[in-house]
Structure formats: structure tokens, C-alpha cells
Amino acid sequence: MKVLVVGGAGYIGAHTVRMLQAEGHTPIILDNLSAGHAEAARRLGVPLEVVDLGNKEKVAVLLAQHRPDAVMHFAAFALVGESVSHPSKYYHNNVIATINLLDAMRDQGVKRFIFSSTCATYGNPTRPTLDETHPQQPINPYGWSKFMVEQILKDYDRAYGIKHVALRYFNAAGSSPDGLIGEDHDPETHLIPVCFQAIQGKRNGVTVFGTDYDTPDGTCIRDYIHVDDLAKAHIQAIDYLLKGNPSVMLNCGTGHGHSVREVIDCVEAVTGKKLNVTIGERREGDPPVLVASAGKIRSLFGWSPKYTELRPIVETAWTWFQRGGKYEAR
Ligand SMILES: NC(=O)c1ccc[n+]([C@@H]2O[C@H](COP(=O)([O-])OP(=O)(O)OC[C@H]3O[C@@H](n4cnc5c(N)ncnc54)[C@H](O)[C@@H]3O)[C@@H](O)[C@H]2O)c1
């Protein structure tokens with residue numbers, strides 16, 4: 001299958017491109033390189049179209065030129081704090097640009113769409129079990145932008161027959177085990193790479209935001225899902241849509257949580273080095289616990305994560321950081 005991977009030069013997109021190749025598919029990357037890396041496409045030997053999704057005309061031309069069998073859409077801005085101070089930027093890039101893509105698909109008769117949604121669409125959990133029926137009440141423009149796209153997808157399915165799988169990721173983590181590709185964000189806000197940057201002296205240390213939560217060690221608990229397990233879910237989503245199944249929105253997480261303190265301990269154990277840890281105030285809008293109930297994706301796709309423990313996830317990320325933890329300049 002020819003698959004257009006929008007945002008494929010980014011972290012999760014590049015890992016999915018690699019798995020598409022391994023599974024015999026033909027990926028093409030569309031990316032504006034605002035956060036992605038041409039070097040990732042080069043390392044994978046995949047064609048890269050440098051196009052901004054906001055450019056409706058160019059997106060239409062590209063869809064007409066390639067006529068993919070499916071589109072995977074990873075492209076978005078994803079910094080929660082920035083979305084609060086610059087909502088316009090987020091709604092333009094995450095919602096309006098997505099409409100450009102969907103309209104081009106509709107015009108070219110491309111009917112399969114796999115979307116990177118997020119657990120941030122749930123907002124603050126109101127019950128311990130975070131399954132897909134949990135109410136969606138986002139608490140920041142980033143979460144709203146993804147929630148809006150989910151609604152648009154339902155409407156485009158009904159009206160234009162574009163079938164979707166929306167995967168609500170929890171915390172993506174880790175890297176390709178050989179360290180060929182990995183996580184390179186600037187600024188980096190994700191806990192595991194932040195820890196490694198501190199270990200490597202690229203930042204002063206790590207701040208723990210809140211140690212008085214109602215959790216066993218007082219720090220926030222998150223569900224860390226290995227990026228290759230996320231990639232696998234995308235491959236299975238294609239198979240699912242190819243069989244003519246109906247559109248669906250699914251959680252994608254391991255179902256197990258790890259606290260910030262546990263992650264720090266794990267990084268120290270893997271590297272054999274001590275982190276300089278500062279205790280900070282709680283951040284607004286940080287729920288104490290975010291752990292997926294992932295029964296639906298397991299039963300529907302037969303998906304199950306290969307990485308069920310924190311340590312091997314952290315080890316793969318460390319491999320990437322030992323290889324430099326960065327791509328060449330864009
Ligand atoms: N990383 C996580 O833990 C996580 C969790 C939940 C959801 N998500 C979602 O998954 C997706 C991928 O996340 P990531 O961590 O790989 O992010 P990333 O920033 O590494 O990748 C996003 C890619 O999209 C590209 N892009 C952005 N806007 C574009 C535009 N207008 N036109 C063309 N390309 C554009 C960027 O250059 C980048 O390569 C995002 O949609 C994000 O919201 C990520």
C-alpha cells in the first residue's frame with residue numbers, strides 16, 4: 001500500500017514510516033520540517049515532500065499526484081503550554097490544516113485516514129478507568145484542537161465516506177532499538193529525553209512538578225508507550241480499514257502507569273549516573289494519574305504492546321542519546 005505519512009519526519013511519524021517499510025508498504029513523507037528532520041527521511045531512504053499543510057493548493061496537488069491508498073496524519077503542534085498562550089497557532093495548524101488535508105482526500109477519493117489523537121482530549125479524569133467512553137472535556141487548546149478533529153472525522157465519514165482510525169496516544173517514549181532514529185524535539189518537554197539531556201550535561205537538571213499528589217510516591221503517574229508499539233498500532237489500523245471495518249477511536253497505551261520518581265530512578269539505573277533533581281510546584285492542569293484502559297484496541301486489532309516494562313523503553317531511548325540524541329541541523 002502507498003501511504004502518505006503527514007508529519008513523517010517527526011518523532012512518532014518516522015518510527016511508523018520505518019515500520020511501514022518493514023511491513024512491505026510504500027511510505028511517502030509530507031512534512032514542513034517545522035519540528036521534523038529531513039535527516040530522518042534520509043536515514044530511512046524515504047521520499048520527503050516539504051510542504052506546509054496550511055497550503056491548501058499544494059496539499060491538493062500532492063494528493064492528486066500521489067493518490068495514496070491511505071493517509072496517516074501525525075502533523076500538529078503539541079506543546080500544551082504554548083497552546084494556552086497561542087491558541088490561534090494551534091487551531092490553524094491542528095484543525096484548519098487538517099481540514100485542508102481531508103478536503104484534498106475527499107476530492108481525490110482517498111478513503112482511509114489514521115489520526116494521531118491524544119489522551120488530552122479527556123481532560124481531567126473523572127473516574128479511574130480511562131476507557132473510550134470516558135467524557136471528553138479538554139482543558140487546553142491543544143486538547144480541544146484534537147477533539148475538534150475527532151468530531152470533524154465523524155462528520156467527514158458520514159458525508160464523504162472517509163473512514164478513520166483515531167488513536168488516542170498516551171505518553172510516547174523510547175526509540176528504535178538500534179538508535180537509527182529517535183526523539184529530537186526543540187524545546188524538549190518530555191520527561192525521559194529531558195532526563196537524558198540532563199545526564200549528558202545539556203541542561204542543568206530535572207524539575208519534578210509536584211510531590212504531594214495522591215499517588216504512592218506523591219509524583220504524577222503516566223502511561224509510557226513505546227513508540228514502536230504505537231507504530232504497530234498504525235500498521236494494524238491500516239489492515240483494519242482495508243477489511244472494510246467501520247471508523248473507530250481507540251486508546252493507545254500500555255494500561256500501566258509509572259510515576260515521575262520511578263522514571264528518574266530508572267534513568268539513573270540505566271545510565272549509572274545521578275540526576276540533579278529539583279522539586280517544583282504542581283503545574284496547572286496536570287492530572288495526578290493518566291493511564292489508558294486499552295482493552296478496546298487489544299480486542300479489535302489483537303494489538304498488544306511488546307514493551308510492557310519501563311526499563312527496556314528507557315534503554316532504547318538511552319541508545320539514541322548515546323548516539324548523540326540529535327539529527328543534523330534541518
Ligand atoms: N509524543 C507524544 O507523546 C504524543 C502524545 C499524544 C499525541 N501525540 C500526537 O502525535 C503526533 C506526533 O507527535 P510527535 O511527538 O511525533 O511530534 P513531532 O513534532 O515530532 O512530529 C510532528 C511532525 O509534524 C510536522 N508538522 C507540523 N505541522 C505541520 C504542517 N502544518 N505541515 C506539515 N508538517 C507539519 C512537524 O515538522 C513534525 O515533523 C502529534 O499530532 C501529537 O499531537 C503525541
# chains A, B, ... in the order shown; residues from 1 in each chain; ligands from 1
>>> closest_atom_pairs(of="chain A", to="ligand 1", cutoff="6 Å", atoms="only C-alpha atoms and all ligand atoms", output="tab-separated table")
residue	atom	partner	partner_atom_place_in_ligand_line	distance
A:Gly7	CA	ligand 1	24 (O)	3.4
A:Gly8	CA	ligand 1	39 (O)	5.9
A:Ala9	CA	ligand 1	39 (O)	4.3
A:Gly10	CA	ligand 1	39 (O)	3.3
A:Tyr11	CA	ligand 1	16 (O)	3.7
A:Ile12	CA	ligand 1	16 (O)	3.8
A:Gly13	CA	ligand 1	16 (O)	5.5
A:Asp31	CA	ligand 1	34 (N)	3.6
A:Asn32	CA	ligand 1	33 (C)	4.0
A:Leu33	CA	ligand 1	37 (O)	3.7
A:Ser34	CA	ligand 1	37 (O)	3.9
A:Ala35	CA	ligand 1	37 (O)	3.7
A:Gly36	CA	ligand 1	39 (O)	3.0
A:Val51	CA	ligand 1	33 (C)	5.8
A:Asp52	CA	ligand 1	32 (N)	3.7
A:Leu53	CA	ligand 1	32 (N)	3.8
A:Gly54	CA	ligand 1	31 (N)	5.3
A:Phe74	CA	ligand 1	11 (C)	4.2
A:Ala75	CA	ligand 1	24 (O)	3.2
A:Ala76	CA	ligand 1	41 (O)	4.3
A:Phe77	CA	ligand 1	27 (C)	5.7
A:Ala78	CA	ligand 1	43 (O)	4.6
A:Asn93	CA	ligand 1	31 (N)	5.3
A:Ser116	CA	ligand 1	10 (O)	4.7
A:Ser117	CA	ligand 1	7 (C)	5.4
A:Thr118	CA	ligand 1	6 (C)	4.2
A:Tyr169	CA	ligand 1	6 (C)	4.4
A:Phe170	CA	ligand 1	5 (C)	5.3
A:Asn171	CA	ligand 1	3 (O)	4.0
A:Ala172	CA	ligand 1	3 (O)	3.7
>>> residues_around(residues="Ile238 of chain A", least_positions_apart="4", cutoff="8 Å", atoms="only C-alpha atoms", output="PyMOL selection string")
chain A and resi 70+112+114+234+242
>>> residues_around(residues="segment 285-294 of chain A", least_positions_apart="5", cutoff="10 Å", atoms="only C-alpha atoms", output="JSON, numbers by chain")
{"A": [80, 81, 119, 120, 122, 123, 124, 125, 128, 129, 130, 131, 132, 138, 139, 140, 168, 169, 170, 171, 209, 210, 212, 213, 214, 215, 218, 219, 220, 221, 222, 223, 224, 225, 250, 251, 252, 253, 254, 255, 256, 257, 258, 259, 299, 303, 304]}
>>> closest_atom_pairs(of="segment 175-230 of chain A", to="segment 274-277 of chain A", cutoff="6 Å", atoms="only C-alpha atoms", output="CSV")
residue,atom,partner,partner_atom,distance
A:Gly205,CA,A:Asn276,CA,4.7
A:Val206,CA,A:Val277,CA,5.0
A:Thr207,CA,A:Val277,CA,5.8
>>> write_last_selection(atoms="C-alpha atoms", output="mmCIF file, in the first residue's frame")
data_model
loop_
_atom_site.group_PDB
_atom_site.id
_atom_site.type_symbol
_atom_site.label_atom_id
_atom_site.label_comp_id
_atom_site.auth_asym_id
_atom_site.auth_seq_id
_atom_site.Cartn_x
_atom_site.Cartn_y
_atom_site.Cartn_z
ATOM 1 C CA GLY A 205 18.888 19.032 35.865
ATOM 2 C CA VAL A 206 15.301 17.883 36.050
ATOM 3 C CA THR A 207 12.385 19.525 37.827
#
>>> closest_residue(among="A:Glu328, A:Glu23, A:Glu315, A:Glu268", to="Ala40 of chain A", atoms="only C-alpha atoms")
A:Glu328
